[in-house]
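Structure file structure38.cif with mmCIF, C-alpha atoms, pLDDT in the B column; chains and numbers go by the auth columns:
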data_data
loop_
_atom_site.group_PDB
_atom_site.id
_atom_site.type_symbol
_atom_site.label_atom_id
_atom_site.label_comp_id
_atom_site.label_asym_id
_atom_site.label_seq_id
_atom_site.Cartn_x
_atom_site.Cartn_y
_atom_site.Cartn_z
_atom_site.B_iso_or_equiv
_atom_site.auth_seq_id
_atom_site.auth_asym_id
ATOM 1 C CA MET A 1 -12.150 -57.760 91.955 59.00 97 A
ATOM 2 C CA PRO A 2 -15.227 -59.991 91.473 72.00 98 A
ATOM 3 C CA LEU A 3 -15.198 -63.748 90.965 75.00 99 A
ATOM 4 C CA ARG A 4 -14.445 -65.045 87.515 77.00 100 A
ATOM 5 C CA PRO A 5 -17.362 -66.835 85.822 77.00 101 A
ATOM 6 C CA ALA A 6 -17.879 -70.509 86.664 70.00 102 A
ATOM 7 C CA ARG A 7 -17.155 -71.490 83.045 73.00 103 A
ATOM 8 C CA CYS A 8 -13.501 -70.678 83.740 72.00 104 A
ATOM 9 C CA TYR A 9 -13.314 -73.602 86.186 69.00 105 A
ATOM 10 C CA THR A 10 -16.083 -76.042 85.200 69.00 106 A
ATOM 11 C CA ASN A 11 -14.029 -78.165 82.780 71.00 107 A
ATOM 12 C CA GLN A 12 -10.949 -79.947 84.040 69.00 108 A
ATOM 13 C CA ASP A 13 -7.936 -80.284 81.755 70.00 109 A
ATOM 14 C CA LYS A 14 -5.317 -80.961 84.441 69.00 110 A
ATOM 15 C CA PRO A 15 -5.141 -83.431 87.319 68.00 111 A
ATOM 16 C CA PRO A 16 -6.593 -82.244 90.643 66.00 112 A
ATOM 17 C CA TYR A 17 -4.222 -80.075 92.635 64.00 113 A
ATOM 18 C CA THR A 18 -4.316 -80.586 96.388 60.00 114 A
ATOM 19 C CA ARG A 19 -0.641 -80.230 97.383 66.00 115 A
ATOM 20 C CA ARG A 20 -1.204 -77.530 99.960 65.00 116 A
ATOM 21 C CA GLU A 21 2.400 -77.501 101.187 70.00 117 A
ATOM 22 C CA TYR A 22 3.356 -75.623 98.002 70.00 118 A
ATOM 23 C CA ILE A 23 0.495 -73.127 98.237 76.00 119 A
ATOM 24 C CA GLN A 24 0.569 -70.352 100.788 78.00 120 A
ATOM 25 C CA GLY A 25 -2.781 -69.579 102.426 80.00 121 A
ATOM 26 C CA VAL A 26 -5.578 -71.559 100.788 80.00 122 A
ATOM 27 C CA PRO A 27 -8.884 -69.735 101.380 83.00 123 A
ATOM 28 C CA PRO A 28 -11.394 -71.725 103.439 85.00 124 A
ATOM 29 C CA PRO A 29 -14.455 -73.064 101.597 85.00 125 A
ATOM 30 C CA LYS A 30 -17.688 -71.083 101.914 87.00 126 A
ATOM 31 C CA ILE A 31 -19.680 -74.203 102.704 87.00 127 A
ATOM 32 C CA SER A 32 -19.517 -74.702 106.459 85.00 128 A
ATOM 33 C CA LYS A 33 -22.396 -77.060 107.309 89.00 129 A
ATOM 34 C CA TYR A 34 -22.554 -80.378 105.515 92.00 130 A
ATOM 35 C CA THR A 35 -25.507 -81.778 107.474 95.00 131 A
ATOM 36 C CA THR A 36 -28.794 -80.036 108.262 93.00 132 A
ATOM 37 C CA GLY A 37 -32.102 -81.143 109.657 93.00 133 A
ATOM 38 C CA ASN A 38 -32.769 -83.887 112.180 93.00 134 A
ATOM 39 C CA PRO A 39 -29.959 -86.504 112.269 94.00 135 A
ATOM 40 C CA TYR A 40 -32.029 -88.809 114.501 94.00 136 A
ATOM 41 C CA ILE A 41 -34.856 -89.281 112.001 93.00 137 A
ATOM 42 C CA GLU A 42 -36.132 -92.813 111.317 92.00 138 A
ATOM 43 C CA ALA A 43 -35.656 -92.528 107.566 93.00 139 A
ATOM 44 C CA ARG A 44 -37.362 -94.928 105.155 94.00 140 A
ATOM 45 C CA TRP A 45 -36.594 -93.003 101.945 95.00 141 A
ATOM 46 C CA VAL A 46 -33.559 -91.249 100.522 96.00 142 A
ATOM 47 C CA ALA A 47 -33.637 -88.769 97.632 97.00 143 A
ATOM 48 C CA GLN A 48 -30.302 -88.261 95.889 97.00 144 A
ATOM 49 C CA LEU A 49 -28.922 -85.676 93.464 97.00 145 A
ATOM 50 C CA ILE A 50 -26.609 -87.640 91.131 97.00 146 A
ATOM 51 C CA ALA A 51 -24.205 -86.152 88.575 96.00 147 A
ATOM 52 C CA GLU A 52 -24.466 -87.165 84.923 95.00 148 A
ATOM 53 C CA LYS A 53 -21.241 -85.561 83.638 92.00 149 A
ATOM 54 C CA ARG A 54 -17.725 -84.913 84.903 90.00 150 A
ATOM 55 C CA CYS A 55 -17.201 -81.336 86.085 89.00 151 A
ATOM 56 C CA ILE A 56 -15.758 -79.095 88.777 90.00 152 A
ATOM 57 C CA VAL A 57 -18.123 -77.439 91.257 91.00 153 A
ATOM 58 C CA ARG A 58 -16.812 -74.428 93.164 91.00 154 A
ATOM 59 C CA HIS A 59 -17.319 -74.130 96.901 92.00 155 A
ATOM 60 C CA ASN A 60 -19.698 -71.178 96.568 92.00 156 A
ATOM 61 C CA ALA A 61 -21.921 -73.169 94.171 93.00 157 A
ATOM 62 C CA LEU A 62 -22.066 -76.060 96.670 95.00 158 A
ATOM 63 C CA GLU A 63 -23.056 -73.626 99.411 95.00 159 A
ATOM 64 C CA ALA A 64 -25.720 -72.012 97.213 95.00 160 A
ATOM 65 C CA ALA A 65 -27.194 -75.444 96.381 95.00 161 A
ATOM 66 C CA ARG A 66 -27.208 -76.500 100.042 95.00 162 A
ATOM 67 C CA LEU A 67 -28.809 -73.247 101.126 95.00 163 A
ATOM 68 C CA MET A 68 -31.498 -73.432 98.441 95.00 164 A
ATOM 69 C CA ALA A 69 -32.513 -76.983 99.380 96.00 165 A
ATOM 70 C CA GLN A 70 -32.332 -76.346 103.122 95.00 166 A
ATOM 71 C CA ARG A 71 -34.486 -73.217 102.992 96.00 167 A
ATOM 72 C CA TYR A 72 -37.140 -74.912 100.896 96.00 168 A
ATOM 73 C CA LEU A 73 -37.279 -78.007 103.128 96.00 169 A
ATOM 74 C CA SER A 74 -37.329 -76.075 106.403 94.00 170 A
ATOM 75 C CA THR A 75 -40.128 -73.841 105.098 95.00 171 A
ATOM 76 C CA VAL A 76 -42.300 -76.632 103.690 95.00 172 A
ATOM 77 C CA LEU A 77 -41.577 -79.566 106.018 93.00 173 A
ATOM 78 C CA GLY A 78 -39.984 -78.103 109.122 90.00 174 A
ATOM 79 C CA GLU A 79 -36.557 -78.893 110.573 90.00 175 A
ATOM 80 C CA GLN A 80 -37.589 -82.170 112.253 93.00 176 A
ATOM 81 C CA LYS A 81 -38.900 -84.100 109.204 94.00 177 A
ATOM 82 C CA TYR A 82 -35.765 -84.437 107.075 95.00 178 A
ATOM 83 C CA PHE A 83 -32.005 -84.926 107.247 96.00 179 A
ATOM 84 C CA MET A 84 -29.846 -83.517 104.440 96.00 180 A
ATOM 85 C CA VAL A 85 -26.187 -84.386 103.780 96.00 181 A
ATOM 86 C CA VAL A 86 -23.835 -82.732 101.271 96.00 182 A
ATOM 87 C CA ARG A 87 -21.562 -85.583 100.154 95.00 183 A
ATOM 88 C CA LYS A 88 -18.873 -83.665 98.266 94.00 184 A
ATOM 89 C CA TYR A 89 -16.064 -81.679 99.891 92.00 185 A
ATOM 90 C CA PRO A 90 -14.105 -79.029 97.932 91.00 186 A
ATOM 91 C CA HIS A 91 -10.478 -80.311 98.043 86.00 187 A
ATOM 92 C CA HIS A 92 -9.224 -79.041 94.677 85.00 188 A
ATOM 93 C CA VAL A 93 -7.370 -75.705 94.953 84.00 189 A
ATOM 94 C CA LEU A 94 -8.239 -73.189 92.240 84.00 190 A
ATOM 95 C CA ARG A 95 -5.383 -70.902 91.229 80.00 191 A
ATOM 96 C CA GLU A 96 -5.372 -67.777 89.107 77.00 192 A
ATOM 97 C CA ASN A 97 -2.484 -65.903 87.493 74.00 193 A
ATOM 98 C CA LYS A 98 -3.859 -62.416 87.897 74.00 194 A
ATOM 99 C CA MET A 99 -2.923 -60.009 85.125 71.00 195 A
ATOM 100 C CA LEU A 100 -3.143 -56.241 85.376 66.00 196 A
ATOM 101 C CA ALA A 101 -5.218 -54.541 82.696 65.00 197 A
ATOM 102 C CA PHE A 102 -4.368 -50.848 82.584 65.00 198 A
ATOM 103 C CA ALA A 103 -1.864 -48.619 80.812 63.00 199 A
ATOM 104 C CA GLY A 104 1.724 -49.248 81.878 59.00 200 A
ATOM 105 C CA ALA A 105 0.909 -52.684 83.307 55.00 201 A
ATOM 106 C CA ASP A 106 3.634 -54.304 81.178 58.00 202 A
ATOM 107 C CA ARG A 107 6.273 -52.841 83.540 59.00 203 A
ATOM 108 C CA LEU A 108 4.557 -54.347 86.619 58.00 204 A
ATOM 109 C CA GLN A 109 3.958 -57.966 85.670 64.00 205 A
ATOM 110 C CA ASP A 110 5.964 -60.878 84.322 66.00 206 A
ATOM 111 C CA GLY A 111 3.445 -62.461 81.951 67.00 207 A
ATOM 112 C CA MET A 112 3.795 -66.244 81.961 70.00 208 A
ATOM 113 C CA ARG A 113 7.129 -66.372 83.783 67.00 209 A
ATOM 114 C CA LEU A 114 6.699 -68.397 87.010 61.00 210 A
ATOM 115 C CA ALA A 115 2.922 -68.412 86.490 65.00 211 A
ATOM 116 C CA PHE A 116 1.936 -70.796 89.277 72.00 212 A
ATOM 117 C CA GLY A 117 -0.950 -68.563 90.321 75.00 213 A
ATOM 118 C CA LYS A 118 -2.413 -67.478 93.627 81.00 214 A
ATOM 119 C CA PRO A 119 -5.167 -69.563 95.269 83.00 215 A
ATOM 120 C CA VAL A 120 -8.588 -68.007 94.737 84.00 216 A
ATOM 121 C CA GLY A 121 -10.832 -70.768 96.075 86.00 217 A
ATOM 122 C CA THR A 122 -11.518 -74.467 96.301 89.00 218 A
ATOM 123 C CA ALA A 123 -13.682 -76.826 94.279 90.00 219 A
ATOM 124 C CA ALA A 124 -15.068 -80.358 94.346 92.00 220 A
ATOM 125 C CA ILE A 125 -14.341 -82.694 91.456 91.00 221 A
ATOM 126 C CA ILE A 126 -17.515 -84.474 90.358 92.00 222 A
ATOM 127 C CA ASN A 127 -17.512 -87.699 88.346 93.00 223 A
ATOM 128 C CA PRO A 128 -20.528 -89.270 86.608 95.00 224 A
ATOM 129 C CA GLY A 129 -22.603 -91.201 89.127 95.00 225 A
ATOM 130 C CA ASP A 130 -21.368 -89.273 92.175 96.00 226 A
ATOM 131 C CA VAL A 131 -23.980 -88.379 94.778 97.00 227 A
ATOM 132 C CA ILE A 132 -23.881 -84.679 95.574 96.00 228 A
ATOM 133 C CA ILE A 133 -26.718 -84.301 98.102 96.00 229 A
ATOM 134 C CA ASP A 134 -28.762 -86.875 100.066 96.00 230 A
ATOM 135 C CA ILE A 135 -32.094 -86.047 101.682 97.00 231 A
ATOM 136 C CA TYR A 136 -33.448 -88.611 104.141 96.00 232 A
ATOM 137 C CA ILE A 137 -37.235 -88.642 104.618 95.00 233 A
ATOM 138 C CA SER A 138 -39.366 -90.768 106.939 92.00 234 A
ATOM 139 C CA ASP A 139 -42.796 -90.124 105.390 91.00 235 A
ATOM 140 C CA GLU A 140 -43.663 -91.108 101.809 91.00 236 A
ATOM 141 C CA LYS A 141 -45.928 -88.095 101.322 94.00 237 A
ATOM 142 C CA ASP A 142 -42.903 -85.773 101.762 94.00 238 A
ATOM 143 C CA LEU A 143 -40.996 -87.233 98.794 95.00 239 A
ATOM 144 C CA ASP A 144 -42.369 -84.654 96.353 95.00 240 A
ATOM 145 C CA GLN A 145 -40.983 -81.852 98.514 96.00 241 A
ATOM 146 C CA ALA A 146 -37.587 -83.584 98.661 96.00 242 A
ATOM 147 C CA LYS A 147 -37.562 -83.885 94.856 96.00 243 A
ATOM 148 C CA GLU A 148 -38.415 -80.213 94.495 96.00 244 A
ATOM 149 C CA ALA A 149 -35.650 -79.246 96.938 96.00 245 A
ATOM 150 C CA LEU A 150 -33.103 -81.265 94.927 97.00 246 A
ATOM 151 C CA ARG A 151 -34.363 -79.754 91.668 96.00 247 A
ATOM 152 C CA ARG A 152 -33.847 -76.269 93.099 96.00 248 A
ATOM 153 C CA ALA A 153 -30.395 -77.224 94.367 96.00 249 A
ATOM 154 C CA GLY A 154 -29.453 -78.601 90.940 95.00 250 A
ATOM 155 C CA THR A 155 -30.139 -75.244 89.319 95.00 251 A
ATOM 156 C CA LYS A 156 -27.266 -73.736 91.340 94.00 252 A
ATOM 157 C CA LEU A 157 -24.743 -76.305 90.083 93.00 253 A
ATOM 158 C CA PRO A 158 -23.077 -76.621 86.660 90.00 254 A
ATOM 159 C CA GLU A 159 -23.898 -79.446 84.196 88.00 255 A
ATOM 160 C CA ARG A 160 -26.880 -81.821 84.506 92.00 256 A
ATOM 161 C CA TYR A 161 -28.067 -83.950 87.399 95.00 257 A
ATOM 162 C CA ARG A 162 -30.752 -86.553 87.954 96.00 258 A
ATOM 163 C CA ILE A 163 -32.852 -87.179 91.034 97.00 259 A
ATOM 164 C CA VAL A 164 -33.149 -90.752 92.307 96.00 260 A
ATOM 165 C CA ILE A 165 -35.440 -91.886 95.123 96.00 261 A
ATOM 166 C CA ARG A 166 -34.652 -95.133 96.908 94.00 262 A
ATOM 167 C CA GLU A 167 -36.275 -96.972 99.767 94.00 263 A
ATOM 168 C CA ILE A 168 -33.960 -97.779 102.659 90.00 264 A
ATOM 169 C CA ARG A 169 -34.316 -101.396 103.735 77.00 265 A
ATOM 170 C CA LYS A 170 -33.914 -102.179 107.398 66.00 266 A
#
Take the structure in this file and express it as structure tokens.
Amino acid sequence: MPLRPARCYTNQDKPPYTRREYIQGVPPPKISKYTTGNPYIEARWVAQLIAEKRCIVRHNALEAARLMAQRYLSTVLGEQKYFMVVRKYPHHVLRENKMLAFAGADRLQDGMRLAFGKPVGTAAIINPGDVIIDIYISDEKDLDQAKEALRRAGTKLPERYRIVIREIRK
């Protein structure tokens, strides 16, 4: 069975659910690397992808955004000229009460009785002003590429985001 559309999980009407002792077998998040690039870079600039609205971002959307930005930066700049950090971790457990949809299914399922749901994935809860991705750059001429990488990453995420560039003072 394929994934349900992201619109099923984007809005949050309940508090976040992270009590894993009640849930049997939470699937691991797809995002595995939270830092890419050169961690020893002498960064003078940071480009940030900042959320404008409250939403839920699934783990596969975070991984798609990270992969999009990382591929663009490694192709254009090379692995040694940037350091990228994904700031959000998917803690929220997404559950689904799966219903059967064929003839005779009414004898096999209980409807809404004990409808706690089975875990289908994890998600990160995003509040307005939260930083999703940071890209550290040492050279000012590479800032346009960092902005483009964050723009491409933002297309993989729900809702709207803004890109902020700050100078790091030392």
- Output the residue selection produced by the PyMOL selection byres ((chain A and resi 241-256) around 6) on the file above, formatted as a PyMOL selection string. chain A and resi 148+157+161+164-165+238-240+257
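Here atom CA of Arg191 of chain A and atom CA of Thr131 of chain A stand 28.1 Å from one another.
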- Written as a PyMOL selection string, which residues does the PyMOL selection byres ((chain A and resi 150) around 6) give for the file shown? chain A and resi 149+151+222-224
- Task: Within 8 Å of Ala139 of chain A, counting all atoms listed in the file, which residues show up once you throw out same-chain ones fewer than 5 positions away? Write them as a ChimeraX atom specification, please.
- Result: /A:232-235,264
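Within the file as shown, the PyMOL selection byres ((chain A and resi 179) around 9) identifies A:Thr131, A:Thr132, A:Gly133, A:Asn134, A:Pro135, A:Tyr136, A:Ile137, A:Ala139, A:Glu175, A:Gln176, A:Lys177, A:Tyr178, A:Met180, A:Val181, A:Asp230, A:Ile231, A:Tyr232, A:Ile233.
Comparing the minimum interatomic distances between Gly217 of chain A and each of A:Ala102, A:Lys194, A:His155, A:Ile261, counting all atoms listed in the file, we find that A:His155 sits nearest.
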- Determine, counting all atoms listed in the file, which protein, DNA and RNA residues have an atom within 12 Å of an atom of segment 116-129 of chain A; residues of the same chain fewer than 2 positions away are not included. Present the result as number ranges by chain. A: 112-114, 131-133, 153-163, 166, 180-191, 212-220
- Between atom CA of Gly225 of chain A and atom CA of Val172 of chain A, distance in Å (one decimal): 28.5 Å
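If you look at atom CA of Ala143 of chain A and atom CA of Thr171 of chain A, they are 17.9 Å away from each other.
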- Using all atoms listed in the file, pick whichever of A:Val142, A:Leu169, A:Ile152, A:Met195 has the shortest atom-to-atom distance to Glu236 of chain A. A:Val142
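Taking only C-alpha atoms into account, Ile228 of chain A lies nearest to A:Leu145 out of the set A:Leu173, A:Leu145, A:Cys104, A:Val260.
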Atoms are missing here; could segment 168-180 of chain A be completed with N, CA and C atoms and written as a PDB file, in the coordinates of the input?
ATOM      1  N   TYR A 168     -35.860 -74.392 101.384  1.00 96.00           N
ATOM      2  CA  TYR A 168     -37.140 -74.912 100.896  1.00 96.00           C
ATOM      3  C   TYR A 168     -37.681 -75.976 101.851  1.00 96.00           C
ATOM      4  N   LEU A 169     -36.820 -76.924 102.257  1.00 96.00           N
ATOM      5  CA  LEU A 169     -37.279 -78.007 103.128  1.00 96.00           C
ATOM      6  C   LEU A 169     -37.699 -77.501 104.502  1.00 96.00           C
ATOM      7  N   SER A 170     -36.957 -76.565 105.071  1.00 94.00           N
ATOM      8  CA  SER A 170     -37.329 -76.075 106.403  1.00 94.00           C
ATOM      9  C   SER A 170     -38.614 -75.259 106.359  1.00 94.00           C
ATOM     10  N   THR A 171     -38.884 -74.602 105.219  1.00 95.00           N
ATOM     11  CA  THR A 171     -40.128 -73.841 105.098  1.00 95.00           C
ATOM     12  C   THR A 171     -41.321 -74.770 104.904  1.00 95.00           C
ATOM     13  N   VAL A 172     -41.168 -75.772 104.044  1.00 95.00           N
ATOM     14  CA  VAL A 172     -42.300 -76.632 103.690  1.00 95.00           C
ATOM     15  C   VAL A 172     -42.522 -77.747 104.716  1.00 95.00           C
ATOM     16  N   LEU A 173     -41.431 -78.414 105.127  1.00 93.00           N
ATOM     17  CA  LEU A 173     -41.577 -79.566 106.018  1.00 93.00           C
ATOM     18  C   LEU A 173     -41.327 -79.235 107.485  1.00 93.00           C
ATOM     19  N   GLY A 174     -40.416 -78.336 107.745  1.00 90.00           N
ATOM     20  CA  GLY A 174     -39.984 -78.103 109.122  1.00 90.00           C
ATOM     21  C   GLY A 174     -38.665 -78.826 109.355  1.00 90.00           C
ATOM     22  N   GLU A 175     -37.910 -78.375 110.345  1.00 90.00           N
ATOM     23  CA  GLU A 175     -36.557 -78.893 110.573  1.00 90.00           C
ATOM     24  C   GLU A 175     -36.533 -80.342 111.068  1.00 90.00           C
ATOM     25  N   GLN A 176     -37.617 -80.848 111.625  1.00 93.00           N
ATOM     26  CA  GLN A 176     -37.589 -82.170 112.253  1.00 93.00           C
ATOM     27  C   GLN A 176     -37.974 -83.318 111.329  1.00 93.00           C
ATOM     28  N   LYS A 177     -38.384 -83.045 110.074  1.00 94.00           N
ATOM     29  CA  LYS A 177     -38.900 -84.100 109.204  1.00 94.00           C
ATOM     30  C   LYS A 177     -37.942 -84.550 108.118  1.00 94.00           C
ATOM     31  N   TYR A 178     -36.720 -84.035 108.106  1.00 95.00           N
ATOM     32  CA  TYR A 178     -35.765 -84.437 107.075  1.00 95.00           C
ATOM     33  C   TYR A 178     -34.348 -84.378 107.643  1.00 95.00           C
ATOM     34  N   PHE A 179     -33.427 -85.017 106.940  1.00 96.00           N
ATOM     35  CA  PHE A 179     -32.005 -84.926 107.247  1.00 96.00           C
ATOM     36  C   PHE A 179     -31.272 -84.829 105.914  1.00 96.00           C
ATOM     37  N   MET A 180     -30.523 -83.747 105.709  1.00 96.00           N
ATOM     38  CA  MET A 180     -29.846 -83.517 104.440  1.00 96.00           C
ATOM     39  C   MET A 180     -28.335 -83.564 104.649  1.00 96.00           C
TER      40      MET A 180
END
